[in-house]
Amino acid sequence: MKKIYSLLFALLAVTQVALAQSGSVKGRVLGADTREPLTGATVLLEGTTKGTSTDAAGEFSIMDVPAGTYNMRISYVGYTFPRQSVTVTTGGTTDIGTISMNTTNVVGEEIVVTASRRPEKLTEAPAAISVISSRDLTELPSFNVGELLNKVQGVEVVRSGVAGIGINARGFNNAFNVKMFQLTDGRNSMLPGGTGLPAGVYNTVIKEDIERVEVILGPSSALYGPNAHNGIINTITKDPRLHPGTTVTIGAGNQSVLSARARHAGVINSKFAYKVNAEYTQGKDFEFIDTVYNATLGALPEYDVDFNFNFKRASAAVYYSPTQNMDVILDYGIGQGSNIGVTNNGRNQIDGWTFQYLHGRIVTPRIFAQVYNTWNDAGDTYQINARTNNYYTLRALGQSQEVAHEKSKTGAAKGELYPNSPAIAFPGFIDKSHRLNGEVQYNNSYGGFDVITGLSFQRDVAYSRQTYLDDRNGDIILNQYGAVAQIERALGDRVRAVLGGRIDRHDNYGTQFSPKAALTLNALAGTFRATYGRAYAAPSIQFQEFYLNNGALAILGSGAGLTIQNTETGATREIPKLEPERVQTFELGYKGTPTDKFYVDLSTWYSMSEDFISPLTGITPLMGKEKVIRKGSEDVTEAASNALNYYLTYLNYGNVNSWGTDLGLNYYLNNNFSIGAKYSYFNSDITDRDNLDNDANGDGKVVPAESSLNAPKHRYNFNFTARDLFNNKFFGSVNVRILPEYNFYSGSQVAAKENQNKRVAPLLYNYGPLGGFTSVDLSAGYKFTQMITLGASVTNLFDTEQREFVGSPVIGRLYSAELRFDFGGKKNKNDVR
């Protein structure tokens, strides 16, 4: 807690910084077509970090603006407004009166915050960034927000089931993917402790409370710290003062899907507002029984797999404004889910996994500070393959079906079943980890320079009771400290430069420096950009401290290094200590509207990775004459011994280069219809089997499992969208996704042409490559009144056989319908600050 107190002290100290003489700007924003207030429109003064949003009456006020003349930009989804010059005088208030915004469906006018941690126009952000808007979400008649990411340029979405969505970018996916860093309202929303995985279906946010989702591709450690090395997904929830009222949604679909969600937000007075959210969703996944191998019994079908899934989530937040320019926000959320999860060592039956947080924020025009705690509980989760081996072993030992069923899940001590009976390993996981974060940022403008600085702290506490981590000596505790600085400067009317850097101090990996640089040029009604970024990914606690021995194999984290001994000669060899993965990326891009109806988004990039972290990889030959005898300096000969002399761990590659291009085109036929196309290309020299830098396990050869991209080289997406038809009541879209066939290797999990339909590891089976299909998705909706909207969608319209992820079922046609009710939301302007 001392670190948090230090951050809060720094916050209080920063608030005492003297501000330059300033004035304010106010006004009101209406829709030109309806003459109704536009609630939540973003108002930004160019060349500053000053911005705000309109309230329920469409009114806004920007305080503490240094005297001078600025271009004012106003953005609202579906509307457009040209820049307007505004002059601010010292001590005065500039009232620009009422502004009318015209309707448009052209993207690019949105204001985003994730790329630079300050408000800026989407097309001018110095990064490859895309936005999923609140309107996009409203027009998605499904509980699964991840479906929309299929339409985001450069993002690779794989569907592992009805509810399961995996998100990746720029290749190198695996069955335990931690490469996309996820935030919610600036809060790290990855699972705490050992795994570091995305919260996924256990997250606490319901669709109706999402204001927008901002997706950045490429290294972002310079602003967001460790593990923001491949991209960021930042979910921004709705402010109750800008989005009051009650929304209730009821949905249903095939696979027995039922979903009910509710959001209520209210403004009590000029100082207090609140919101509460809740969801319950259930269904049944497509059935798929994987093959598990036993050393003596051979191939076995997975035992007692439960295909039902459910997840429930709830959250509440209170907004308090002690002054006109300060918000104090306190929110809490909890999510719980049960489903089947894929790892690179088989599948897990996840049962009651719970994720929760408590988050406090202070927000002013100059300062952002937050402190939050995140908790994790694995519930009754267990390894399906371990339980399967337990069950059939018990049956082979003569135990009844009832005893085998029970003890395969609970495990049994040696001699528990009968005199001298063998021990049966507990197949479950205990994970009651938690994470504490603190952060403070300060921004200001000095002599034409926009400056952002910040400090951060993270403390992970992993607790597994030795069920999957080597925490025999107590909780595993890791601290990380960070400091960041970024400077932006306009170099004339059209050119802007950005320089930034971050220093992180990690308990296990020392000091890491992550710089960034960008140069942007406004031209062709858009922005050209050239960027450079360096980032790193610290191995998760699981990668460092994994410990699992089920008698057939052993998985050992390589955070301290491993020593392997030949059982015949006594000779030893070393597996080096796992190091952070580092990546440097150079990128060129353009985003803009060269004509009024044509929107272009182009990014091309080249990345250089060092110490690339492998998936879980075998380091000894099956049934060979090698065994692990030491972990670091600790003797583990007895603790890690297993029947097959088979050991797995995580390894560093040498140097891996990758490159690619993402191109998005949208043409707006008129204000009602648009067509779009997206194309992505990805490649890497990791496929070079003659380059021993790609020899992950050090056996002197590069095999397919060490050289796969785990992503197709080419991906295509086409869409047609209709909006605001029949008196602004109808909306609809058609989306076509083309995913070519590709091989996938993730440790023991393999989906490839080579050795198809054969055993590929001691426990698993290869059912063939992924992809190789074209999927057509339809959605449509009708707004009967301001209160009632009905929507329906069909995913995979032609029921094409789709395998998108290793260890997952074939995905068939999915259809769903949702009925949404919106109550209230209009507040007297005097009730809103």
# chains A, B, ... in the order shown; residues from 1 in each chain; ligands from 1

$ residues_around --residues "A:Asn385" --least-positions-apart "4" --cutoff "12 Å" --atoms "only C-alpha atoms" --output "PDB file with N, CA and C atoms, in the first residue's frame"
ATOM      1  N   ILE A 289     -15.701 -34.102 -29.000  1.00  0.00           N
ATOM      2  CA  ILE A 289     -14.952 -34.916 -28.046  1.00  0.00           C
ATOM      3  C   ILE A 289     -13.539 -35.100 -28.582  1.00  0.00           C
ATOM      4  N   ASP A 290     -12.560 -34.573 -27.868  1.00  0.00           N
ATOM      5  CA  ASP A 290     -11.170 -34.710 -28.275  1.00  0.00           C
ATOM      6  C   ASP A 290     -10.656 -36.089 -27.865  1.00  0.00           C
ATOM      7  N   THR A 291      -9.489 -36.453 -28.400  1.00  0.00           N
ATOM      8  CA  THR A 291      -8.865 -37.729 -28.079  1.00  0.00           C
ATOM      9  C   THR A 291      -7.731 -37.512 -27.089  1.00  0.00           C
ATOM     10  N   VAL A 292      -7.707 -38.308 -26.035  1.00  0.00           N
ATOM     11  CA  VAL A 292      -6.659 -38.246 -25.012  1.00  0.00           C
ATOM     12  C   VAL A 292      -5.897 -39.569 -25.051  1.00  0.00           C
ATOM     13  N   TYR A 293      -4.586 -39.507 -24.923  1.00  0.00           N
ATOM     14  CA  TYR A 293      -3.783 -40.726 -24.954  1.00  0.00           C
ATOM     15  C   TYR A 293      -3.274 -41.069 -23.568  1.00  0.00           C
ATOM     16  N   ASN A 294      -3.326 -42.372 -23.260  1.00  0.00           N
ATOM     17  CA  ASN A 294      -2.814 -42.899 -21.999  1.00  0.00           C
ATOM     18  C   ASN A 294      -1.626 -43.809 -22.316  1.00  0.00           C
ATOM     19  N   ALA A 299      -5.527 -44.682 -26.999  1.00  0.00           N
ATOM     20  CA  ALA A 299      -6.420 -43.578 -27.298  1.00  0.00           C
ATOM     21  C   ALA A 299      -7.705 -43.679 -26.489  1.00  0.00           C
ATOM     22  N   LEU A 300      -8.090 -42.564 -25.870  1.00  0.00           N
ATOM     23  CA  LEU A 300      -9.282 -42.518 -25.040  1.00  0.00           C
ATOM     24  C   LEU A 300     -10.127 -41.309 -25.417  1.00  0.00           C
ATOM     25  N   PRO A 301     -11.435 -41.442 -25.450  1.00  0.00           N
ATOM     26  CA  PRO A 301     -12.283 -40.255 -25.659  1.00  0.00           C
ATOM     27  C   PRO A 301     -12.364 -39.440 -24.365  1.00  0.00           C
ATOM     28  N   GLU A 302     -12.414 -38.122 -24.491  1.00  0.00           N
ATOM     29  CA  GLU A 302     -12.576 -37.274 -23.311  1.00  0.00           C
ATOM     30  C   GLU A 302     -13.789 -37.743 -22.508  1.00  0.00           C
ATOM     31  N   TYR A 303     -13.645 -37.740 -21.190  1.00  0.00           N
ATOM     32  CA  TYR A 303     -14.697 -38.257 -20.324  1.00  0.00           C
ATOM     33  C   TYR A 303     -15.536 -37.134 -19.717  1.00  0.00           C
ATOM     34  N   ASP A 304     -16.855 -37.310 -19.770  1.00  0.00           N
ATOM     35  CA  ASP A 304     -17.812 -36.473 -19.037  1.00  0.00           C
ATOM     36  C   ASP A 304     -17.654 -34.987 -19.351  1.00  0.00           C
ATOM     37  N   VAL A 305     -17.627 -34.653 -20.639  1.00  0.00           N
ATOM     38  CA  VAL A 305     -17.505 -33.257 -21.046  1.00  0.00           C
ATOM     39  C   VAL A 305     -18.875 -32.585 -20.967  1.00  0.00           C
ATOM     40  N   VAL A 342      -9.696 -23.821 -24.111  1.00  0.00           N
ATOM     41  CA  VAL A 342      -8.607 -24.520 -24.788  1.00  0.00           C
ATOM     42  C   VAL A 342      -7.268 -23.967 -24.312  1.00  0.00           C
ATOM     43  N   THR A 343      -6.347 -24.849 -23.942  1.00  0.00           N
ATOM     44  CA  THR A 343      -4.977 -24.447 -23.610  1.00  0.00           C
ATOM     45  C   THR A 343      -4.028 -25.193 -24.543  1.00  0.00           C
ATOM     46  N   ASN A 344      -2.714 -24.872 -24.466  1.00  0.00           N
ATOM     47  CA  ASN A 344      -1.797 -25.603 -25.339  1.00  0.00           C
ATOM     48  C   ASN A 344      -1.329 -26.908 -24.717  1.00  0.00           C
ATOM     49  N   ASN A 345      -2.077 -27.400 -23.719  1.00  0.00           N
ATOM     50  CA  ASN A 345      -1.851 -28.740 -23.192  1.00  0.00           C
ATOM     51  C   ASN A 345      -3.189 -29.473 -23.019  1.00  0.00           C
ATOM     52  N   GLY A 346      -4.148 -29.180 -23.890  1.00  0.00           N
ATOM     53  CA  GLY A 346      -5.446 -29.818 -23.787  1.00  0.00           C
ATOM     54  C   GLY A 346      -6.528 -28.852 -23.356  1.00  0.00           C
ATOM     55  N   ARG A 347      -7.709 -29.395 -23.073  1.00  0.00           N
ATOM     56  CA  ARG A 347      -8.862 -28.554 -22.771  1.00  0.00           C
ATOM     57  C   ARG A 347      -9.170 -28.587 -21.278  1.00  0.00           C
ATOM     58  N   ASN A 348      -9.734 -27.486 -20.799  1.00  0.00           N
ATOM     59  CA  ASN A 348     -10.157 -27.378 -19.410  1.00  0.00           C
ATOM     60  C   ASN A 348     -11.678 -27.285 -19.335  1.00  0.00           C
ATOM     61  N   GLN A 349     -12.259 -27.957 -18.346  1.00  0.00           N
ATOM     62  CA  GLN A 349     -13.676 -27.772 -18.026  1.00  0.00           C
ATOM     63  C   GLN A 349     -13.748 -26.657 -17.004  1.00  0.00           C
ATOM     64  N   ASN A 389      -7.784 -39.432 -18.070  1.00  0.00           N
ATOM     65  CA  ASN A 389      -6.791 -40.445 -17.712  1.00  0.00           C
ATOM     66  C   ASN A 389      -7.101 -41.076 -16.356  1.00  0.00           C
ATOM     67  N   ASN A 390      -7.511 -40.222 -15.406  1.00  0.00           N
ATOM     68  CA  ASN A 390      -7.875 -40.744 -14.083  1.00  0.00           C
ATOM     69  C   ASN A 390      -9.010 -41.764 -14.182  1.00  0.00           C
ATOM     70  N   TYR A 391     -10.065 -41.396 -14.925  1.00  0.00           N
ATOM     71  CA  TYR A 391     -11.252 -42.254 -14.986  1.00  0.00           C
ATOM     72  C   TYR A 391     -10.926 -43.627 -15.567  1.00  0.00           C
ATOM     73  N   TYR A 392     -10.265 -43.641 -16.723  1.00  0.00           N
ATOM     74  CA  TYR A 392     -10.021 -44.928 -17.367  1.00  0.00           C
ATOM     75  C   TYR A 392      -8.966 -45.739 -16.623  1.00  0.00           C
ATOM     76  N   SER A 408     -12.078 -39.648 -10.149  1.00  0.00           N
ATOM     77  CA  SER A 408     -11.368 -39.066 -11.296  1.00  0.00           C
ATOM     78  C   SER A 408     -11.361 -37.542 -11.206  1.00  0.00           C
ATOM     79  N   LYS A 409     -12.328 -36.982 -10.483  1.00  0.00           N
ATOM     80  CA  LYS A 409     -12.427 -35.533 -10.335  1.00  0.00           C
ATOM     81  C   LYS A 409     -11.785 -35.035  -9.046  1.00  0.00           C
ATOM     82  N   ALA A 425      -3.965 -38.388  -9.217  1.00  0.00           N
ATOM     83  CA  ALA A 425      -3.692 -36.950  -9.128  1.00  0.00           C
ATOM     84  C   ALA A 425      -4.978 -36.134  -9.205  1.00  0.00           C
ATOM     85  N   PHE A 426      -5.030 -35.067  -8.436  1.00  0.00           N
ATOM     86  CA  PHE A 426      -6.156 -34.122  -8.490  1.00  0.00           C
ATOM     87  C   PHE A 426      -6.072 -33.359  -9.812  1.00  0.00           C
ATOM     88  N   PRO A 427      -7.111 -33.424 -10.659  1.00  0.00           N
ATOM     89  CA  PRO A 427      -7.033 -32.795 -11.982  1.00  0.00           C
ATOM     90  C   PRO A 427      -7.436 -31.325 -11.991  1.00  0.00           C
ATOM     91  N   GLY A 428      -7.821 -30.798 -10.835  1.00  0.00           N
ATOM     92  CA  GLY A 428      -8.385 -29.450 -10.800  1.00  0.00           C
ATOM     93  C   GLY A 428      -7.344 -28.367 -10.594  1.00  0.00           C
ATOM     94  N   ASN A 550       1.353 -35.054 -13.819  1.00  0.00           N
ATOM     95  CA  ASN A 550       0.236 -35.995 -13.703  1.00  0.00           C
ATOM     96  C   ASN A 550       0.679 -37.448 -13.811  1.00  0.00           C
ATOM     97  N   ALA A 552       2.230 -38.932 -16.176  1.00  0.00           N
ATOM     98  CA  ALA A 552       2.602 -39.257 -17.548  1.00  0.00           C
ATOM     99  C   ALA A 552       3.575 -38.225 -18.105  1.00  0.00           C
ATOM    100  N   LEU A 553       3.409 -36.985 -17.690  1.00  0.00           N
ATOM    101  CA  LEU A 553       4.285 -35.919 -18.158  1.00  0.00           C
ATOM    102  C   LEU A 553       4.402 -34.877 -17.064  1.00  0.00           C
ATOM    103  N   PRO A 762       1.724 -36.885 -26.796  1.00  0.00           N
ATOM    104  CA  PRO A 762       1.317 -37.944 -25.868  1.00  0.00           C
ATOM    105  C   PRO A 762      -0.151 -37.898 -25.485  1.00  0.00           C
ATOM    106  N   LEU A 763      -0.767 -36.736 -25.560  1.00  0.00           N
ATOM    107  CA  LEU A 763      -2.141 -36.643 -25.085  1.00  0.00           C
ATOM    108  C   LEU A 763      -3.148 -36.264 -26.170  1.00  0.00           C
ATOM    109  N   LEU A 764      -2.705 -35.765 -27.315  1.00  0.00           N
ATOM    110  CA  LEU A 764      -3.637 -35.089 -28.222  1.00  0.00           C
ATOM    111  C   LEU A 764      -3.579 -35.634 -29.643  1.00  0.00           C
ATOM    112  N   TYR A 765      -4.492 -35.103 -30.471  1.00  0.00           N
ATOM    113  CA  TYR A 765      -4.745 -35.651 -31.798  1.00  0.00           C
ATOM    114  C   TYR A 765      -4.889 -34.492 -32.777  1.00  0.00           C
ATOM    115  N   GLY A 807      -8.411 -27.700 -31.089  1.00  0.00           N
ATOM    116  CA  GLY A 807      -9.107 -28.266 -29.933  1.00  0.00           C
ATOM    117  C   GLY A 807     -10.529 -27.784 -29.774  1.00  0.00           C
TER     118      GLY A 807
END

$ select_by_dssp --residues "stretch 409-583 of chain A" --states "strand (DSSP E)" --output "JSON, numbers by chain"
{"A": [434, 435, 436, 437, 438, 439, 440, 441, 442, 443, 444, 445, 446, 449, 450, 451, 452, 453, 454, 455, 456, 457, 458, 459, 460, 461, 462, 476, 477, 478, 479, 480, 481, 482, 483, 484, 485, 486, 487, 488, 489, 490, 495, 496, 497, 498, 499, 500, 501, 502, 503, 504, 505, 506, 510, 511, 512, 513, 514, 515, 516, 517, 518, 519, 520, 521, 522, 523, 526, 527, 528, 529, 530, 531, 532, 533, 534, 535, 536, 537, 547, 548, 549, 554, 555, 556, 562, 563, 564, 565, 566, 572, 573, 574, 575, 581, 582, 583]}

$ residues_around --residues "A:Gly664" --least-positions-apart "6" --cutoff "8 Å" --atoms "only C-alpha atoms" --output "list of chain:residue names"
A:Gln153, A:Val600, A:Asp601, A:Leu602, A:Gly676, A:Ala677, A:Lys678, A:Tyr679

$ residues_around --residues "A:Ala115" --least-positions-apart "2" --cutoff "8 Å" --atoms "only C-alpha atoms" --output "list of chain:residue names"
A:Val112, A:Val113, A:Arg117, A:Arg118, A:Ala125, A:Pro126, A:Ala127, A:Ile129, A:Ile216

$ closest_residue --among "A:Gly570, A:Gly551, A:Gly624, A:Gly700" --to "A:Asn642" --atoms "only C-alpha atoms"
A:Gly551

$ residues_around --residues "A:Val162" --least-positions-apart "4" --cutoff "10 Å" --atoms "only C-alpha atoms" --output "ChimeraX atom specification"
/A:144,254-255,257,283-286,309,809,811-814

$ residues_around --residues "A:Ala41" --least-positions-apart "4" --cutoff "8 Å" --atoms "only C-alpha atoms" --output "number ranges by chain"
A: 29, 53-54, 58, 74-76

$ residues_around --residues "A:Asn444" --least-positions-apart "5" --cutoff "8 Å" --atoms "only C-alpha atoms" --output "short mmCIF file (atom, residue, chain, number, x, y, z; two decimals) with N, CA, C and O atoms, in the first residue's frame"
data_model
loop_
_atom_site.label_atom_id
_atom_site.label_comp_id
_atom_site.auth_asym_id
_atom_site.auth_seq_id
_atom_site.Cartn_x
_atom_site.Cartn_y
_atom_site.Cartn_z
N THR A 49 -5.01 19.59 -25.04
CA THR A 49 -5.61 18.37 -24.51
C THR A 49 -6.99 18.67 -23.93
O THR A 49 -7.54 17.87 -23.18
N ARG A 366 -6.49 18.07 -16.18
CA ARG A 366 -5.04 17.89 -16.19
C ARG A 366 -4.59 16.55 -15.61
O ARG A 366 -3.48 16.10 -15.90
N ASP A 450 2.63 19.70 -26.17
CA ASP A 450 1.65 18.97 -25.35
C ASP A 450 2.39 17.86 -24.63
O ASP A 450 3.03 17.01 -25.27
N VAL A 451 2.31 17.84 -23.32
CA VAL A 451 3.10 16.93 -22.51
C VAL A 451 2.19 16.04 -21.67
O VAL A 451 1.22 16.51 -21.08
N ILE A 452 2.51 14.75 -21.64
CA ILE A 452 1.84 13.79 -20.77
C ILE A 452 2.91 13.04 -19.99
O ILE A 452 3.88 12.54 -20.57
#

$ closest_residue --among "A:Asn308, A:Asn796, A:Val484, A:Tyr332" --to "A:Val810" --atoms "only C-alpha atoms"
A:Asn796

$ closest_residue --among "A:Gln370, A:Thr48, A:Ser421, A:Thr511" --to "A:Leu455" --atoms "only C-alpha atoms"
A:Gln370

$ select_by_dssp --residues "stretch 97-337 of chain A" --states "helix (DSSP H, G or I)" --output "ChimeraX atom specification"
/A:122-124,134-138,145-151,200-202,207-209,221-224

$ closest_residue --among "A:Tyr202, A:Thr572, A:Met101, A:Glu402" --to "A:Tyr280" --atoms "only C-alpha atoms"
A:Tyr202

$ closest_residue --among "A:Val750, A:Ala175, A:Met326, A:Met787" --to "A:Leu770" --atoms "only C-alpha atoms"
A:Val750

$ closest_residue --among "A:Ser321, A:Ser22, A:Thr296, A:Thr721" --to "A:Ala273" --atoms "only C-alpha atoms"
A:Ser321

$ atom_distance --atom1 "atom CA of A:Pro704" --atom2 "atom CA of A:Phe682"
17.8 Å
